[in-house]
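Asks: My structure is stored as input.txt, with compact mmCIF, C-alpha atoms.
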```txt
# COMPACT_ATOMS: atom_id res chain seq x y z
CA MET A 112 -12.51 -39.67 -7.19
CA THR A 113 -10.87 -36.87 -5.23
CA ALA A 114 -10.86 -33.52 -7.03
CA ARG A 115 -7.53 -32.27 -8.23
CA LYS A 116 -6.23 -29.06 -6.70
CA LYS A 117 -3.82 -26.69 -8.39
CA LYS A 118 -0.98 -25.38 -6.28
CA TYR A 119 1.63 -22.74 -7.07
CA VAL A 120 5.27 -22.99 -6.10
CA GLU A 121 7.65 -20.03 -6.08
CA VAL A 122 11.23 -20.67 -7.20
CA LEU A 123 13.63 -18.33 -5.41
CA THR A 124 17.26 -17.80 -4.49
CA PRO A 125 17.85 -16.96 -0.79
CA ARG A 126 20.32 -14.10 -0.35
CA VAL A 127 21.95 -13.60 3.05
CA LYS A 128 23.91 -10.45 3.89
CA CYS A 129 26.13 -10.95 6.92
CA PHE A 130 27.30 -8.07 9.14
CA SER A 131 30.08 -9.27 11.39
CA ASN A 132 33.40 -8.17 12.86
CA SER A 133 34.76 -11.61 12.04
CA GLN A 134 34.96 -13.41 8.71
CA SER A 135 31.91 -15.54 9.50
CA GLU A 136 29.65 -16.42 6.60
CA ILE A 137 26.06 -17.32 7.35
CA THR A 138 24.14 -19.41 4.84
CA PHE A 139 20.40 -19.90 4.44
CA LEU A 140 20.91 -23.50 5.56
CA ASP A 141 22.40 -22.19 8.83
CA ILE A 142 19.30 -20.04 9.30
CA LEU A 143 16.95 -22.93 8.54
CA TYR A 144 18.65 -25.18 11.08
CA TYR A 145 18.53 -22.39 13.66
CA MET A 146 14.82 -21.67 13.04
CA SER A 147 13.72 -25.32 12.90
CA GLY A 148 11.34 -26.20 15.71
CA LYS A 149 10.79 -22.59 16.76
CA THR A 150 7.43 -20.90 17.26
CA VAL A 151 7.56 -17.18 16.46
CA SER A 152 5.01 -14.42 17.01
CA TYR A 153 5.19 -11.78 14.31
CA SER A 154 2.69 -9.18 13.14
CA ASP A 155 -0.30 -10.59 15.09
CA LYS A 156 0.26 -14.13 13.80
CA GLU A 157 2.09 -17.20 15.04
CA TYR A 158 4.52 -19.11 12.82
CA ILE A 159 5.84 -22.58 13.49
CA VAL A 160 8.91 -23.67 11.52
CA LYS A 161 9.48 -27.37 10.90
CA THR A 162 12.21 -29.00 8.81
CA TYR A 163 12.76 -32.62 7.81
CA GLY A 164 15.52 -34.59 6.19
CA CYS A 165 15.03 -35.43 2.53
CA ASP A 166 16.11 -39.00 1.82
CA ASN A 167 15.11 -38.99 -1.83
CA LEU A 168 17.00 -35.86 -2.89
CA GLU A 169 20.65 -35.24 -2.17
CA ASN A 170 21.63 -31.86 -0.64
CA CYS A 171 17.96 -31.00 0.02
CA ILE A 172 15.93 -30.23 3.10
CA GLU A 173 12.16 -30.03 3.23
CA GLY A 174 9.79 -28.49 5.70
CA ILE A 175 6.69 -26.46 6.38
CA ILE A 176 5.79 -23.04 7.78
CA VAL A 177 2.56 -23.31 9.80
CA THR A 178 0.72 -20.00 10.22
CA GLY A 179 -1.63 -19.74 13.18
CA GLN A 180 -4.31 -17.06 13.35
CA ASN A 181 -6.80 -16.27 16.13
CA LYS A 182 -7.49 -12.63 15.30
CA ASP A 183 -9.73 -11.20 12.57
CA ILE A 184 -11.12 -14.67 11.90
CA PRO A 185 -13.67 -14.56 9.08
CA PRO A 186 -17.21 -15.82 9.75
CA LYS A 187 -18.81 -18.88 8.22
CA ARG A 188 -21.88 -18.58 5.95
CA ASN A 189 -24.95 -20.81 5.77
CA ASN A 190 -25.57 -21.76 2.12
CA GLN A 191 -29.33 -22.14 2.63
CA THR A 192 -30.12 -19.03 4.65
CA GLY A 193 -27.21 -16.80 3.67
CA GLU A 194 -26.65 -15.95 7.33
CA PHE A 195 -23.19 -15.39 8.74
CA SER A 196 -22.03 -16.65 12.12
CA ALA A 197 -18.78 -16.82 14.03
CA LEU A 198 -16.59 -19.91 13.73
CA SER A 199 -16.51 -21.98 16.90
CA VAL A 200 -12.85 -21.31 17.64
CA ASP A 201 -11.63 -20.99 21.20
CA ILE A 202 -9.21 -18.12 20.59
CA VAL A 203 -7.49 -18.73 23.93
CA HIS A 204 -6.55 -22.34 23.14
CA GLU A 205 -7.09 -22.69 19.36
CA LYS A 206 -5.98 -21.11 16.10
CA LEU A 207 -6.81 -21.46 12.45
CA SER A 208 -3.75 -23.04 10.78
CA PHE A 209 -2.42 -22.70 7.23
CA GLY A 210 0.69 -24.34 5.82
CA ASN A 211 3.38 -23.42 3.29
CA ALA A 212 5.43 -26.49 2.36
CA PHE A 213 8.95 -25.90 1.04
CA LEU A 214 12.00 -27.66 -0.35
CA TYR A 215 15.48 -26.13 -0.19
CA ASP A 216 18.31 -27.29 -2.44
CA ASN A 217 21.47 -26.32 -0.58
CA LYS A 218 23.83 -27.11 -3.45
CA GLN A 219 21.97 -24.96 -5.99
CA ASN A 220 20.81 -22.43 -3.36
CA VAL A 221 17.23 -22.64 -4.63
CA LEU A 222 14.10 -22.52 -2.48
CA TYR A 223 10.83 -24.03 -3.74
CA TYR A 224 8.10 -22.41 -1.65
CA GLU A 225 4.40 -23.20 -1.84
CA ARG A 226 2.10 -20.22 -2.23
CA ASN A 227 -0.79 -19.99 0.22
CA LYS A 228 -2.65 -16.68 0.42
CA ASN A 229 -3.78 -17.51 3.98
CA GLY A 230 -0.32 -18.62 5.08
CA CYS A 231 3.07 -16.96 5.31
CA PHE A 232 4.16 -14.73 2.42
CA ILE A 233 7.79 -15.09 1.42
CA ASP A 234 8.68 -11.50 2.39
CA THR A 235 7.18 -12.06 5.85
CA LEU A 236 9.26 -15.23 6.17
CA ALA A 237 12.44 -13.25 5.40
CA LYS A 238 11.57 -10.59 7.97
CA PHE A 239 10.81 -12.81 10.93
CA PHE A 240 13.71 -15.19 10.15
CA ALA A 241 16.16 -12.26 10.21
CA GLN A 242 14.51 -10.62 13.23
CA ASN A 243 14.61 -13.82 15.27
CA TRP A 244 18.25 -14.43 14.36
CA ASN A 245 19.32 -10.85 15.16
CA GLN A 246 17.49 -10.73 18.50
CA ASN A 247 19.44 -13.69 19.84
CA GLU A 248 22.20 -11.71 21.52
CA LYS A 249 23.64 -14.78 23.26
CA GLU A 250 24.35 -16.78 20.09
CA HIS A 251 24.52 -14.07 17.43
CA LYS A 252 25.76 -10.99 19.25
CA ASP A 253 28.45 -10.21 16.68
CA ILE A 254 26.74 -11.69 13.61
CA LYS A 255 23.73 -9.83 12.26
CA ILE A 256 22.01 -10.67 8.98
CA GLU A 257 19.67 -9.40 6.33
CA LEU A 258 17.68 -11.95 4.34
CA ASP A 259 15.71 -11.67 1.14
CA PHE A 260 14.62 -13.93 -1.69
CA ILE A 261 15.39 -13.22 -5.33
CA ALA A 262 13.28 -14.40 -8.23
CA ILE A 263 15.45 -16.53 -10.49
CA LEU A 264 16.23 -14.97 -13.83
CA ARG A 265 16.82 -17.64 -16.42
CA LYS A 266 20.34 -16.74 -17.49
CA GLY A 267 20.29 -18.79 -20.67
CA GLU A 268 16.92 -17.38 -21.68
CA TYR A 269 18.11 -13.83 -20.99
CA GLU A 270 21.17 -14.31 -23.19
CA ARG A 271 18.99 -15.84 -25.90
CA ALA A 272 16.60 -12.89 -25.72
CA ILE A 273 19.44 -10.38 -26.05
CA LYS A 274 20.67 -12.12 -29.22
CA LEU A 275 17.35 -11.97 -31.04
CA GLY A 276 17.57 -9.89 -34.19
CA TYR A 277 13.85 -9.22 -34.57
CA TYR A 278 11.51 -8.51 -31.64
CA LYS A 279 7.83 -9.09 -32.28
CA GLU A 280 6.46 -8.82 -28.75
CA PHE A 281 7.47 -7.69 -25.28
CA PHE A 282 5.22 -8.48 -22.30
CA ALA A 283 5.71 -7.79 -18.59
CA GLU A 284 3.32 -8.10 -15.68
CA PHE A 285 3.78 -6.35 -12.34
CA THR A 286 1.97 -6.37 -9.00
CA ASN A 287 1.70 -3.80 -6.20
CA PRO A 288 1.66 -0.55 -8.25
CA LYS A 289 1.96 1.58 -5.11
CA ALA A 290 5.27 -0.03 -4.15
CA ILE A 291 6.53 0.37 -7.70
CA LEU A 292 5.72 4.09 -7.60
CA GLU A 293 7.68 4.52 -4.39
CA GLU A 294 10.67 2.65 -5.79
CA MET A 295 10.67 4.52 -9.11
CA ALA A 296 9.93 7.99 -7.75
CA ASP A 297 13.06 9.55 -9.27
CA ASP A 298 13.69 7.31 -12.26
CA ASN A 299 12.09 8.01 -15.63
CA SER A 300 14.42 6.04 -17.85
CA SER A 301 13.51 3.17 -20.14
CA LEU A 302 11.13 0.58 -18.68
CA TYR A 303 11.06 2.41 -15.37
CA GLY A 304 9.40 5.44 -16.92
CA ILE A 305 6.66 3.40 -18.58
CA SER A 306 6.11 1.35 -15.42
CA LYS A 307 5.84 4.52 -13.37
CA ARG A 308 3.19 6.01 -15.64
CA CYS A 309 1.22 2.75 -15.69
CA ALA A 310 1.55 2.39 -11.92
CA ILE A 311 0.11 5.87 -11.39
CA GLU A 312 -2.99 4.96 -13.37
CA ALA A 313 -3.21 1.55 -11.66
CA VAL A 314 -3.12 3.17 -8.21
CA LYS A 315 -5.84 5.63 -9.25
CA ALA A 316 -7.97 2.71 -10.43
CA LYS A 317 -7.22 0.76 -7.22
CA SER A 318 -5.77 -2.06 -9.30
CA ASP A 319 -3.53 -4.72 -7.76
CA ARG A 320 -1.51 -5.33 -10.90
CA PHE A 321 -0.76 -3.93 -14.34
CA GLU A 322 0.72 -5.15 -17.61
CA ILE A 323 2.95 -3.65 -20.29
CA LYS A 324 2.67 -5.13 -23.74
CA MET A 325 4.19 -4.04 -27.04
CA SER A 326 3.85 -5.97 -30.28
CA ALA A 327 4.59 -5.61 -33.98
CA PHE A 328 2.58 -6.79 -36.94
CA SER A 329 3.98 -9.54 -39.15
CA LYS A 330 7.38 -9.26 -40.80
CA GLN A 331 5.68 -8.53 -44.10
CA VAL A 332 4.05 -5.43 -42.59
CA ASN A 333 6.70 -4.38 -40.06
CA LYS A 334 10.06 -5.37 -41.53
CA ASP A 335 12.13 -4.11 -38.57
CA GLY A 336 9.92 -5.24 -35.68
CA LEU A 337 10.10 -3.53 -32.30
CA SER A 338 13.13 -1.31 -31.74
CA ILE A 339 16.05 -3.61 -30.89
CA ARG A 340 17.75 -0.92 -28.80
CA THR A 341 14.58 -0.19 -26.81
CA ILE A 342 13.76 -3.84 -26.07
CA LYS A 343 17.35 -4.57 -25.03
CA ASP A 344 17.15 -1.60 -22.64
CA TYR A 345 13.92 -3.07 -21.24
CA LEU A 346 15.60 -6.43 -20.74
CA LYS A 347 18.44 -4.79 -18.84
CA SER A 348 15.89 -2.94 -16.70
CA VAL A 349 14.13 -6.22 -15.90
CA ARG A 350 17.39 -7.84 -14.88
CA SER A 351 18.08 -4.88 -12.59
CA LEU A 352 14.60 -5.11 -11.05
CA LEU A 353 15.04 -8.80 -10.27
CA LYS A 354 18.24 -8.09 -8.37
CA GLY A 355 16.66 -5.49 -6.10
CA PRO A 356 13.72 -5.04 -3.71
CA MET A 357 11.27 -4.88 -6.63
CA LYS A 358 11.80 -8.55 -7.51
CA CYS A 359 8.67 -9.72 -5.71
CA ASN A 360 6.52 -7.46 -7.90
CA VAL A 361 7.78 -8.78 -11.25
CA GLU A 362 5.34 -11.56 -12.14
CA LYS A 363 6.06 -12.28 -15.80
CA VAL A 364 8.47 -11.19 -18.54
CA ARG A 365 8.12 -12.75 -21.98
CA ILE A 366 9.70 -12.02 -25.34
CA LYS A 367 8.78 -13.18 -28.83
CA GLY A 368 11.03 -12.79 -31.84
CA TYR A 369 13.33 -14.28 -34.44
CA SER A 370 16.99 -15.19 -33.98
CA THR A 371 19.81 -14.06 -36.26
CA ASP A 372 21.73 -17.25 -35.53
CA PRO A 373 21.61 -19.40 -38.70
CA GLU A 374 21.68 -22.55 -36.55
CA ASP A 375 18.49 -21.56 -34.75
CA THR A 376 15.07 -22.36 -36.09
CA SER A 377 13.59 -19.72 -38.36
CA SER A 378 10.21 -19.95 -36.63
CA ILE A 379 9.22 -17.43 -33.98
CA GLN A 380 10.70 -18.04 -30.53
CA ALA A 381 8.88 -17.46 -27.26
CA ILE A 382 11.20 -16.77 -24.32
CA ASP A 383 10.08 -16.72 -20.68
CA LEU A 384 12.66 -14.90 -18.59
CA VAL A 385 11.32 -15.29 -15.07
CA ALA A 386 11.42 -18.75 -13.50
CA ASP A 387 9.69 -17.65 -10.32
CA VAL A 388 6.48 -19.68 -10.22
CA PHE A 389 5.22 -23.00 -11.54
CA SER A 390 1.99 -24.87 -10.90
CA LEU A 391 1.40 -28.37 -9.57
CA ILE A 392 -1.67 -30.57 -9.69
CA SER A 393 -2.21 -32.47 -6.45
CA TYR A 394 -4.83 -34.99 -5.42
```
Have the structure of the file written as structure tokens, please.

Replies:
Amino acid sequence: MTARKKKYVEVLTPRVKCFSNSQSEITFLDILYYMSGKTVSYSDKEYIVKTYGCDNLENCIEGIIVTGQNKDIPPKRNNQTGEFSALSVDIVHEKLSFGNAFLYDNKQNVLYYERNKNGCFIDTLAKFFAQNWNQNEKEHKDIKIELDFIAILRKGEYERAIKLGYYKEFFAEFTNPKAILEEMADDNSSLYGISKRCAIEAVKAKSDRFEIKMSAFSKQVNKDGLSIRTIKDYLKSVRSLLKGPMKCNVEKVRIKGYSTDPEDTSSIQAIDLVADVFSLISY
């Protein structure tokens, strides 16, 4: 039986900013159609963009980003001797290849993008898509774009979290502390201030990520729970982060608490605010 392999898929909203003298509006679908079939060299790697029709899903297009690498190729290792040796790759005619499969729902404007640490990161995709579009003076002389991808904030979950009357736990996980420090250099308010202090320590420790967690004891011990005003400020900060350049560094945001709505269950509610990644089991 073939071993199962876990894959991770990012769930993102493409955002296109269009700079034009006319009233032209460029969509992510326009960009996908333009990039389809192209081979692009960017940052010492080669990227091939392929798209396909999706017969099973209406308003959807699927495809793959193939990353080719023939520089800084890691060696192979002999399990018996422990010796390392170069891979037999003809760097003139061959490349190591890694794929990122994707599915784009044009109606919902949602991109499902497979994570592959050896492939094309989503921020790199945004950069070389926009660069390739903007460099085409013949077709796009008067229409320049900026492209980024926003992690999807679960609107219903956010509204539910705001309405909680008792907060038992707040948890957030961030990556790339150095980038967070640069972004928050002049902001010490609310969640930003705490993140900044944690990021400083994370950078000193050479950590790639850090977490912020606050929790209250049981209702019998802590009758008021975490400060409602403070947690609501944190939630607003998170929403702001997910709308800006920091979105890619917000990994998780979870809330636990009790609702004041009499129609809601009296048991504790766990709310996951960021719908950015889910896992798949493939064979």

Asks: To one decimal place, how far is atom CA of Trp244 of chain A from atom CA of Tyr223 of chain A in Å?

Replies: 21.8 Å

Asks: Of the residues A:Ile291, A:Ile142, A:Val160, A:Val364, which is the one nearest to Asn245 of chain A, using all atoms listed in the file?

Replies: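 Among A:Ile291, A:Ile142, A:Val160, A:Val364, it is A:Ile142 that comes nearest to Asn245 of chain A.
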
Asks: Measure the distance from atom CA of Lys279 of chain A to atom CA of Ile382 of chain A in Å and round it to one decimal.

Replies: 11.6 Å

Asks: At a cut-off of 7 Å, can you tabulate as JSON lines every residue of segment 146-206 of chain A near segment 213-219 of chain A together with its closest atom pair and the distance in Å to one decimal, using all atoms listed in the file and ordering rows by chain then number?

Replies:
```
{"residue": "A:Asn170", "atom": "CA", "partner": "A:Asn217", "partner_atom": "CA", "distance": 5.5}
{"residue": "A:Cys171", "atom": "CA", "partner": "A:Asp216", "partner_atom": "CA", "distance": 4.5}
{"residue": "A:Ile172", "atom": "CA", "partner": "A:Tyr215", "partner_atom": "CA", "distance": 5.3}
{"residue": "A:Glu173", "atom": "CA", "partner": "A:Leu214", "partner_atom": "CA", "distance": 4.3}
{"residue": "A:Gly174", "atom": "CA", "partner": "A:Phe213", "partner_atom": "CA", "distance": 5.4}
{"residue": "A:Ile175", "atom": "CA", "partner": "A:Phe213", "partner_atom": "CA", "distance": 5.8}
```

Asks: Just how far from atom CA of Arg126 of chain A is atom CA of Lys274 of chain A, in Å to one decimal?

Replies: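 Between atom CA of Lys274 of chain A and atom CA of Arg126 of chain A the gap is 28.9 Å.
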
Asks: Find the spatial neighbours of Asp383 of chain A, counting only C-alpha atoms, within a cut-off of 7 Å - ignore same-chain residues fewer than 3 positions away - and output them as a PyMOL selection string.

Replies: chain A and resi 268+364-366

Asks: Of the candidates A:Leu275, A:Val221, A:Ile256, A:Leu346, which shows the shortest atom-to-atom distance to Lys238 of chain A, using only C-alpha atoms?

Replies: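 The closest residue to Lys238 of chain A is A:Ile256.
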
Asks: Using all atoms listed in the file, can you tell me which of A:Lys182, A:Lys252, A:Val385, A:Thr150 comes closest to Glu121 of chain A?

Replies: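 Distance minimum relative to Glu121 of chain A lands on A:Val385.
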
Asks: When distances are computed from all atoms listed in the file, which of A:Lys347, A:Arg226, A:Lys156, A:Lys249 shows the smallest separation from Leu207 of chain A?

Replies: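 Selected residue with least distance to Leu207 of chain A: A:Lys156.
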
Asks: Between A:Val151, A:Leu143, A:Gly230, A:Leu302, which has the minimum distance to Ser351 of chain A (counting all atoms listed in the file)?

Replies: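 Closest to Ser351 of chain A of all the choices is A:Leu302.
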